[in-house]
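Enquirer: Sending over a structure as structure tokens; questions will come in a sec.
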Amino acid sequence: MSGDPIPVTVDADLKDLIPGFLERRREDVSKLRAALDAPDLETLRVTGHSMKGTGGGYGFDGLSEIGAAIESAAKRGDVDTVRTQVARLEDYLSRVQIRFE
Amino acid sequence: MKVLVVDDDEDFRSLSRALIQRSFPRAAVAEYDPESRGVPPDDFPWADYDVVLLDHELNTGDTGLDWLRRYGRLPGFPAVIFATGAGDENLAARAMKFGADEYLSKRDVSAAHLGALLSSVMAARNAAGPDAVAPVHARPMPGVPTPAAVPGYSLRRLLGCGGTADVYLAERHGDGLTVVLKLLREGMAHNAVAIKRLVTEARVLESLDSPHVVKVYGHGVEAGRAYLAMEYLGHGDLRARISEGLGVRTALEYALALARGLATVHARGVLHRDIKPGNVMYRYDDSLALTDFGIAKSASIDSSLTGSGSVVGTPSYMSPEQCEGRGAEARSDLYSLGVVIFEMLTGSRPFTGDSPGMLFMQHVTAAVPRLPEHLSHCQALMDGLLAKRPQDRPPHAGAVAEEIAALLER
């Protein structure tokens with residue numbers, strides 16, 4: 001799923017917070033994979049819920065969308081969709097290109 | 001100003017701190033992580049803060065609503081901005097019932113929005129005096145008419161605006177039930193067609209009793225403003241789920257529920273005439289319901305409401321006969337259902353003309369697209385539902401439900 005960079009404009013006041021924020025999303029990928037293997041639907045739901053809640057606030061609307069999709073799919077036990085969204089998350093994180101303004 | 005941010009998510013706490021200090025550089029912002037610190041002790045110094053930004057999902061076994069119930073009436077308890085994830089407006093009404101001053105959807109968080117909310121709650125507190133506890137139900141909300149506009153209901157939040165009516169989140173007096181209130185605009189007080197449509201929608205819904213159709217709780221006309229109180233479906237719509245991507249099994253399960261809902265609707269002699277993903281909403285238990293019967297038609301309805309022979313519906317989902325202005329029948333809804341199922345399965349609509357005219361032509365003349373190989377077992381279902389002539393489609397929604405059930409059992 002590699003492709004063009006995904007440009008995201010982020011508030012310059014949040015610059016110091018972004019490296020840690022993105023690092024925790026990369027950790028989320030591992031956490032979600034482990035939860036898929038279990039499977040642990042509650043961890044999938046909670047992780048998706050958090051991502052949905054914070055992504056857009058930092059400027060990453062794509063992360064909020066993916067988080068919402070993971071939360072929603074986990075609630076209905078649809079692990080196939082969660083798996084697809086985790087792949088989408090990993091792809092997003094590899095392609096996101098940040099511009100501060 | 002002193003603000004306490006209560007949220008189990010470190011990233012949201014940090015974000016809130018940064019955004020608050022953008023609007024109020026001198027604000028003192030403290031963080032409380034309920035996951036690591038647990039429930040506050042009885043002697044927690046709530047009065048040291050002016051505002052609490054309180055998340056609903058605390059990940060501790062209890063929720064922000066529980067905290068509001070437990071602490072919200074303590075003397076000196078700060079003003080509360082209650083925060084939830086997107087789509088949880090149902091909780092907003094309940095939080096305000098328990099004393100929250102404002103509501104923040106995390107999807108809308110920004111320095112400007114958070115700053116405006118903080119200014120609002122601080123202004124209200126300052127105007128009321130330091131010891132005031134604002135009465136429940138008494139806080140006006142921006143853009144919402146006075147809460148007395150509809151007897152028996154308190155309006156909580158504007159959810160959306162249509163051509164002739166506005167839609168509010170509201171709370172029914174007596175039992176506190178959260179409802180959606182569709183309220184005709186003041187300027188429509190003498191628009192007989194608009195009033196009749198709303199009343200017709202209410203009567204149509206009252207005649208239907210299906211778990212797959214939105215429930216109606218009441219309707220009436222107050223001071224010339226017709227209103228309709230309906231079930232609140234707070235878990236988003238099918239349009240959003242399609243954009244997120246659906247598994248095949250999930251798509252077929254939704255399709256089965258929709259076919260069963262339509263079977264009930266048609267059995268009562270009602271045509272929906274605007275079946276589309278935006279009119280399929282979800283409850284918190286993830287069950288779905290058909291909504292928006294605003295252009296529905298039944299045998300008892302005056303055909304002048306929509307204009308005899310006029311084109312009604314949404315072009316992407318309209319049957320060939322509707323596109324040609326030949327009117328709708330039950331199997332027209334089945335065609336629209338076919339478009340929705342195609343979109344659920346593939347993520348795309350079968351016809352994607354860039355103008356209504358182009359779409360109409362495609363519905364009338366273009367061949368039914370082939371599904372990809374892994375969905376080939378659903379092709380016969382699509383060919384039947386999307387047949388150009390109504391008589392070539394399945395005879396009724398019940399037959400469609402049976403066909404989908406068989407696909408699910410494969």
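A note on labels: chains of the structure tokens are A, B, ... as shown, every chain counts residues from 1, and ligands are counted from 1 in their shown order.
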Find the spatial neighbours of region 200-212 of chain B, counting only C-alpha atoms, within a cut-off of 7 Å - ignore same-chain residues fewer than 3 positions away - and output them as a short mmCIF file (atom, residue, chain, number, x, y, z; two decimals) with N, CA and C atoms, in the first residue's frame.

Expert:
```cif
data_model
loop_
_atom_site.label_atom_id
_atom_site.label_comp_id
_atom_site.auth_asym_id
_atom_site.auth_seq_id
_atom_site.Cartn_x
_atom_site.Cartn_y
_atom_site.Cartn_z
N LYS B 196 -48.02 19.26 6.49
CA LYS B 196 -48.66 17.98 6.19
C LYS B 196 -47.61 16.88 5.98
N ARG B 197 -46.46 17.24 5.38
CA ARG B 197 -45.40 16.25 5.19
C ARG B 197 -44.88 15.73 6.52
N LYS B 215 -38.10 4.52 15.53
CA LYS B 215 -39.36 4.60 16.29
C LYS B 215 -39.77 6.06 16.43
N VAL B 216 -41.08 6.29 16.46
CA VAL B 216 -41.58 7.65 16.69
C VAL B 216 -42.26 7.66 18.06
N HIS B 219 -45.99 13.36 18.09
CA HIS B 219 -45.93 14.51 17.19
C HIS B 219 -47.05 15.46 17.54
N LEU B 228 -41.95 16.51 15.47
CA LEU B 228 -41.98 15.05 15.46
C LEU B 228 -40.86 14.57 16.38
N ALA B 257 -30.86 -7.04 7.29
CA ALA B 257 -31.67 -6.21 8.19
C ALA B 257 -32.48 -5.19 7.39
N LEU B 258 -31.86 -4.60 6.38
CA LEU B 258 -32.56 -3.61 5.56
C LEU B 258 -33.71 -4.25 4.78
N GLY B 261 -36.49 -4.81 7.16
CA GLY B 261 -37.14 -3.54 7.46
C GLY B 261 -38.07 -3.12 6.33
N THR B 264 -41.38 -4.96 6.24
CA THR B 264 -42.39 -4.40 7.16
C THR B 264 -43.01 -3.14 6.57
N VAL B 265 -42.15 -2.28 6.05
CA VAL B 265 -42.62 -1.01 5.49
C VAL B 265 -43.62 -1.27 4.36
N LEU B 288 -29.39 -1.61 13.23
CA LEU B 288 -29.64 -0.50 12.31
C LEU B 288 -31.13 -0.22 12.17
N ALA B 289 -31.44 0.96 11.69
CA ALA B 289 -32.83 1.34 11.46
C ALA B 289 -32.92 2.28 10.26
N LEU B 290 -33.96 2.06 9.48
CA LEU B 290 -34.25 2.98 8.36
C LEU B 290 -34.83 4.27 8.92
N PHE B 293 -38.44 9.26 6.62
CA PHE B 293 -39.60 8.91 5.80
C PHE B 293 -40.29 10.19 5.30
N GLY B 294 -39.48 11.26 5.17
CA GLY B 294 -40.03 12.57 4.78
C GLY B 294 -40.66 12.58 3.41
#
```

Enquirer: Any chance you could tabulate, as JSON lines, the residues of chain A at most 9 Å from chain B with each one's nearest atom pair and distance in Å to one decimal, using only C-alpha atoms, in chain and rising number order?

Expert:
```
{"residue": "A:Asp13", "atom": "CA", "partner": "B:Ala18", "partner_atom": "CA", "distance": 7.2}
{"residue": "A:Leu14", "atom": "CA", "partner": "B:Ala18", "partner_atom": "CA", "distance": 6.9}
{"residue": "A:Leu17", "atom": "CA", "partner": "B:Ser14", "partner_atom": "CA", "distance": 7.6}
{"residue": "A:Gly20", "atom": "CA", "partner": "B:Asp11", "partner_atom": "CA", "distance": 8.6}
{"residue": "A:Phe21", "atom": "CA", "partner": "B:Asp11", "partner_atom": "CA", "distance": 6.5}
{"residue": "A:Arg24", "atom": "CA", "partner": "B:Asp11", "partner_atom": "CA", "distance": 8.9}
{"residue": "A:Val46", "atom": "CA", "partner": "B:Asn59", "partner_atom": "CA", "distance": 8.3}
{"residue": "A:His49", "atom": "CA", "partner": "B:Gly85", "partner_atom": "CA", "distance": 7.3}
{"residue": "A:Ser50", "atom": "CA", "partner": "B:Asp9", "partner_atom": "CA", "distance": 6.8}
{"residue": "A:Lys52", "atom": "CA", "partner": "B:Gly85", "partner_atom": "CA", "distance": 7.0}
{"residue": "A:Gly53", "atom": "CA", "partner": "B:Lys106", "partner_atom": "CA", "distance": 5.3}
{"residue": "A:Thr54", "atom": "CA", "partner": "B:Phe12", "partner_atom": "CA", "distance": 5.7}
{"residue": "A:Gly55", "atom": "CA", "partner": "B:Arg107", "partner_atom": "CA", "distance": 8.3}
{"residue": "A:Gly56", "atom": "CA", "partner": "B:Arg107", "partner_atom": "CA", "distance": 5.9}
{"residue": "A:Gly57", "atom": "CA", "partner": "B:Val109", "partner_atom": "CA", "distance": 5.3}
{"residue": "A:Tyr58", "atom": "CA", "partner": "B:Leu15", "partner_atom": "CA", "distance": 7.2}
{"residue": "A:Asp61", "atom": "CA", "partner": "B:Arg107", "partner_atom": "CA", "distance": 8.7}
{"residue": "A:Ser64", "atom": "CA", "partner": "B:Arg107", "partner_atom": "CA", "distance": 7.9}
{"residue": "A:Glu65", "atom": "CA", "partner": "B:Glu244", "partner_atom": "CA", "distance": 7.5}
{"residue": "A:Ile66", "atom": "CA", "partner": "B:Glu244", "partner_atom": "CA", "distance": 7.5}
{"residue": "A:Ala68", "atom": "CA", "partner": "B:Glu244", "partner_atom": "CA", "distance": 8.3}
{"residue": "A:Ala69", "atom": "CA", "partner": "B:Glu244", "partner_atom": "CA", "distance": 5.6}
{"residue": "A:Ile70", "atom": "CA", "partner": "B:Glu244", "partner_atom": "CA", "distance": 8.9}
{"residue": "A:Ser72", "atom": "CA", "partner": "B:Arg241", "partner_atom": "CA", "distance": 8.3}
{"residue": "A:Ala73", "atom": "CA", "partner": "B:Leu246", "partner_atom": "CA", "distance": 8.6}
{"residue": "A:Lys75", "atom": "CA", "partner": "B:Asp286", "partner_atom": "CA", "distance": 8.0}
{"residue": "A:Arg76", "atom": "CA", "partner": "B:Asp286", "partner_atom": "CA", "distance": 7.1}
{"residue": "A:Asp78", "atom": "CA", "partner": "B:Gly247", "partner_atom": "CA", "distance": 7.6}
{"residue": "A:Asp80", "atom": "CA", "partner": "B:Gly247", "partner_atom": "CA", "distance": 6.7}
{"residue": "A:Thr81", "atom": "CA", "partner": "B:Gly247", "partner_atom": "CA", "distance": 6.0}
{"residue": "A:Thr84", "atom": "CA", "partner": "B:Gly245", "partner_atom": "CA", "distance": 8.6}
{"residue": "A:Gln85", "atom": "CA", "partner": "B:Glu244", "partner_atom": "CA", "distance": 8.3}
```

Enquirer: Give me, please, the distance in Å between CA of Met1 (chain B) and CA of Ser119 (chain B), quoted to one decimal.

Expert: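 Going from CA of Met1 (chain B) over to CA of Ser119 (chain B) covers 10.4 Å.
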
Enquirer: Between CA of Ile404 (chain B) and CA of Ala259 (chain B), what is the spacing in Å?

Expert: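 Interatomic distance here is 8.6 Å.
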
Enquirer: Would you list, as a PyMOL selection string, the residues of region 19-136 of chain B that end up in alpha helix (DSSP H) under DSSP run on this structure's backbone?

Expert: chain B and resi 19-23+34-37+64-71+89-97+111-128

Enquirer: Selection from above, C-alpha atoms, as a short mmCIF file (atom, residue, chain, number, x, y, z; two decimals), in the first residue's frame, can you write it?

Expert:
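Printed below is selection-v2.cif as written:
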```cif
data_model
loop_
_atom_site.label_atom_id
_atom_site.label_comp_id
_atom_site.auth_asym_id
_atom_site.auth_seq_id
_atom_site.Cartn_x
_atom_site.Cartn_y
_atom_site.Cartn_z
CA LEU B 19 -4.61 24.52 23.10
CA ILE B 20 -5.88 26.07 26.34
CA GLN B 21 -2.61 27.93 26.85
CA ARG B 22 -2.81 29.25 23.31
CA SER B 23 -6.10 31.02 24.16
CA PRO B 34 -7.75 8.43 36.04
CA GLU B 35 -6.13 5.23 34.80
CA SER B 36 -3.04 5.66 37.01
CA ARG B 37 -4.57 7.70 39.87
CA GLY B 64 -17.26 10.71 33.31
CA LEU B 65 -21.02 10.60 33.81
CA ASP B 66 -20.47 8.60 37.03
CA TRP B 67 -18.07 11.28 38.25
CA LEU B 68 -20.54 14.02 37.43
CA ARG B 69 -23.26 12.22 39.40
CA ARG B 70 -20.91 11.66 42.31
CA TYR B 71 -19.12 15.02 42.54
CA GLU B 89 -24.16 13.44 21.46
CA ASN B 90 -26.57 11.20 23.33
CA LEU B 91 -24.16 11.42 26.26
CA ALA B 92 -24.02 15.20 25.94
CA ALA B 93 -27.68 15.55 26.85
CA ARG B 94 -27.23 13.26 29.84
CA ALA B 95 -24.07 15.07 30.97
CA MET B 96 -25.91 18.38 30.92
CA LYS B 97 -28.71 16.82 32.89
CA ALA B 111 -7.67 26.22 20.18
CA ALA B 112 -10.50 28.47 18.99
CA HIS B 113 -13.30 26.06 19.96
CA LEU B 114 -11.86 25.12 23.33
CA GLY B 115 -11.13 28.80 24.03
CA ALA B 116 -14.74 29.72 23.21
CA LEU B 117 -16.09 27.02 25.50
CA LEU B 118 -13.84 28.13 28.36
CA SER B 119 -14.87 31.77 27.85
CA SER B 120 -18.51 30.75 27.85
CA VAL B 121 -18.41 28.75 31.08
CA MET B 122 -16.28 31.35 32.85
CA ALA B 123 -18.63 34.16 31.79
CA ALA B 124 -21.65 32.20 33.04
CA ARG B 125 -19.97 31.48 36.36
CA ASN B 126 -18.88 35.07 36.84
CA ALA B 127 -22.36 36.38 36.01
CA ALA B 128 -23.99 33.97 38.44
#
```

Enquirer: Based on the backbone DSSP call, show me all residues of chain A assigned strand (DSSP E), as a VMD selection string.

Expert: chain A and resid 6 to 10 96 to 100

Enquirer: Write out as a PDB file with C-alpha atoms, in the first residue's frame the residues lying within 10 Å of region 327-338 of chain B, counting only C-alpha atoms and excluding same-chain residues fewer than 4 positions away.

Expert:
```
ATOM      1  CA  ALA B 255     -28.425  -5.971   3.779  1.00  0.00           C
ATOM      2  CA  LEU B 258     -32.562  -3.614   5.557  1.00  0.00           C
ATOM      3  CA  ALA B 259     -34.543  -6.113   3.491  1.00  0.00           C
ATOM      4  CA  LEU B 262     -38.414  -2.870   3.955  1.00  0.00           C
ATOM      5  CA  ALA B 263     -40.631  -5.951   4.139  1.00  0.00           C
ATOM      6  CA  VAL B 265     -42.621  -1.011   5.490  1.00  0.00           C
ATOM      7  CA  HIS B 266     -44.109  -2.434   2.288  1.00  0.00           C
ATOM      8  CA  ALA B 267     -46.474  -4.750   4.172  1.00  0.00           C
ATOM      9  CA  GLY B 269     -48.560  -0.170   2.142  1.00  0.00           C
ATOM     10  CA  VAL B 270     -45.754   2.359   2.551  1.00  0.00           C
ATOM     11  CA  LEU B 271     -43.009   3.179   0.048  1.00  0.00           C
ATOM     12  CA  HIS B 272     -39.840   4.764   1.399  1.00  0.00           C
ATOM     13  CA  ARG B 273     -38.669   6.197  -1.950  1.00  0.00           C
ATOM     14  CA  ASP B 274     -35.306   7.446  -0.673  1.00  0.00           C
ATOM     15  CA  ILE B 275     -33.345   4.378   0.401  1.00  0.00           C
ATOM     16  CA  LYS B 276     -29.680   5.385   0.683  1.00  0.00           C
ATOM     17  CA  PRO B 277     -26.805   4.952   3.177  1.00  0.00           C
ATOM     18  CA  LYS B 297     -45.778   7.545   0.424  1.00  0.00           C
ATOM     19  CA  SER B 308     -47.833  13.557  -9.023  1.00  0.00           C
ATOM     20  CA  GLY B 309     -45.317  12.425 -11.612  1.00  0.00           C
ATOM     21  CA  SER B 310     -42.550  14.533 -10.083  1.00  0.00           C
ATOM     22  CA  VAL B 311     -39.059  13.111  -9.595  1.00  0.00           C
ATOM     23  CA  VAL B 312     -38.246  12.508  -5.920  1.00  0.00           C
ATOM     24  CA  GLY B 313     -35.334  10.670  -4.350  1.00  0.00           C
ATOM     25  CA  THR B 314     -31.546  10.814  -4.569  1.00  0.00           C
ATOM     26  CA  PRO B 315     -30.173  10.367  -8.106  1.00  0.00           C
ATOM     27  CA  SER B 316     -27.426   7.874  -7.247  1.00  0.00           C
ATOM     28  CA  TYR B 317     -29.979   5.491  -5.711  1.00  0.00           C
ATOM     29  CA  MET B 318     -33.088   6.038  -7.844  1.00  0.00           C
ATOM     30  CA  SER B 319     -34.757   3.283  -9.823  1.00  0.00           C
ATOM     31  CA  PRO B 320     -35.120   3.603 -13.620  1.00  0.00           C
ATOM     32  CA  GLU B 321     -38.865   4.197 -13.269  1.00  0.00           C
ATOM     33  CA  GLN B 322     -38.287   7.013 -10.733  1.00  0.00           C
ATOM     34  CA  CYS B 323     -35.650   8.539 -13.026  1.00  0.00           C
ATOM     35  CA  PHE B 342     -23.568  -2.985  -4.263  1.00  0.00           C
ATOM     36  CA  GLU B 343     -21.929  -0.038  -2.513  1.00  0.00           C
ATOM     37  CA  MET B 344     -21.570  -1.945   0.770  1.00  0.00           C
ATOM     38  CA  ARG B 349     -21.817   2.762  -6.387  1.00  0.00           C
ATOM     39  CA  PRO B 350     -22.739   0.867  -9.555  1.00  0.00           C
ATOM     40  CA  HIS B 363     -29.941   3.746 -14.271  1.00  0.00           C
ATOM     41  CA  LEU B 381     -28.636 -10.920  -6.137  1.00  0.00           C
ATOM     42  CA  MET B 382     -27.343  -7.732  -7.791  1.00  0.00           C
ATOM     43  CA  ASP B 383     -28.695  -8.673 -11.219  1.00  0.00           C
ATOM     44  CA  GLY B 384     -32.145  -9.243  -9.733  1.00  0.00           C
ATOM     45  CA  LEU B 385     -32.319  -6.095  -7.595  1.00  0.00           C
ATOM     46  CA  LEU B 386     -30.834  -3.823 -10.258  1.00  0.00           C
ATOM     47  CA  ALA B 387     -32.966  -5.139 -13.127  1.00  0.00           C
ATOM     48  CA  LYS B 388     -34.244  -2.297 -15.302  1.00  0.00           C
ATOM     49  CA  ARG B 389     -37.869  -3.468 -15.310  1.00  0.00           C
ATOM     50  CA  PRO B 390     -39.619  -3.761 -11.920  1.00  0.00           C
ATOM     51  CA  GLN B 391     -41.198  -7.059 -12.974  1.00  0.00           C
ATOM     52  CA  ASP B 392     -37.722  -8.578 -13.431  1.00  0.00           C
ATOM     53  CA  ARG B 393     -36.743  -7.827  -9.810  1.00  0.00           C
ATOM     54  CA  PRO B 394     -37.567 -10.063  -6.834  1.00  0.00           C
ATOM     55  CA  PRO B 395     -41.325  -9.978  -6.135  1.00  0.00           C
ATOM     56  CA  HIS B 396     -41.045  -8.491  -2.650  1.00  0.00           C
ATOM     57  CA  ALA B 397     -38.576  -7.563   0.110  1.00  0.00           C
ATOM     58  CA  VAL B 400     -34.773 -10.553  -1.044  1.00  0.00           C
TER      59      VAL B 400
END
```

Enquirer: Using only C-alpha atoms, which protein or nucleic acid residues come within 10 Å of Lys15 (chain A)? Drop anything in the same chain fewer than 3 positions from it, and give the result as a PDB file with N, CA and C atoms, in the first residue's frame.

Expert:
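Contents of the output file around18.pdb:
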```
ATOM      1  N   VAL A  10       0.090  20.857  10.499  1.00  0.00           N
ATOM      2  CA  VAL A  10      -0.068  20.783  11.951  1.00  0.00           C
ATOM      3  C   VAL A  10       0.248  22.149  12.553  1.00  0.00           C
ATOM      4  N   ASP A  11      -0.514  22.497  13.572  1.00  0.00           N
ATOM      5  CA  ASP A  11      -0.326  23.731  14.324  1.00  0.00           C
ATOM      6  C   ASP A  11       1.108  23.781  14.873  1.00  0.00           C
ATOM      7  N   ALA A  12       1.824  24.878  14.587  1.00  0.00           N
ATOM      8  CA  ALA A  12       3.226  24.970  15.019  1.00  0.00           C
ATOM      9  C   ALA A  12       3.353  24.921  16.543  1.00  0.00           C
ATOM     10  N   ILE A  18       4.481  16.442  18.630  1.00  0.00           N
ATOM     11  CA  ILE A  18       4.224  15.539  17.506  1.00  0.00           C
ATOM     12  C   ILE A  18       5.106  14.281  17.486  1.00  0.00           C
ATOM     13  N   PRO A  19       6.428  14.410  17.731  1.00  0.00           N
ATOM     14  CA  PRO A  19       7.238  13.172  17.677  1.00  0.00           C
ATOM     15  C   PRO A  19       6.726  12.095  18.637  1.00  0.00           C
ATOM     16  N   TYR A  58      -4.889  16.908  16.740  1.00  0.00           N
ATOM     17  CA  TYR A  58      -3.497  17.196  16.390  1.00  0.00           C
ATOM     18  C   TYR A  58      -3.355  17.570  14.909  1.00  0.00           C
ATOM     19  N   ILE A  98       4.612  15.972   7.401  1.00  0.00           N
ATOM     20  CA  ILE A  98       4.074  17.065   8.217  1.00  0.00           C
ATOM     21  C   ILE A  98       4.671  18.407   7.835  1.00  0.00           C
ATOM     22  N   ARG A  99       3.785  19.374   7.778  1.00  0.00           N
ATOM     23  CA  ARG A  99       4.214  20.763   7.584  1.00  0.00           C
ATOM     24  C   ARG A  99       3.614  21.579   8.733  1.00  0.00           C
ATOM     25  N   PHE A 100       4.487  22.283   9.452  1.00  0.00           N
ATOM     26  CA  PHE A 100       3.998  23.096  10.588  1.00  0.00           C
ATOM     27  C   PHE A 100       3.695  24.498  10.126  1.00  0.00           C
ATOM     28  N   GLU A 101       2.573  25.004  10.595  1.00  0.00           N
ATOM     29  CA  GLU A 101       2.302  26.424  10.285  1.00  0.00           C
ATOM     30  C   GLU A 101       1.485  27.070  11.406  1.00  0.00           C
TER      31      GLU A 101
END
```

Enquirer: Please compute the CA of Arg268 (chain B)-CA of Tyr217 (chain B) distance, one decimal, in Å.

Expert: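 Going from CA of Arg268 (chain B) over to CA of Tyr217 (chain B) covers 18.7 Å.
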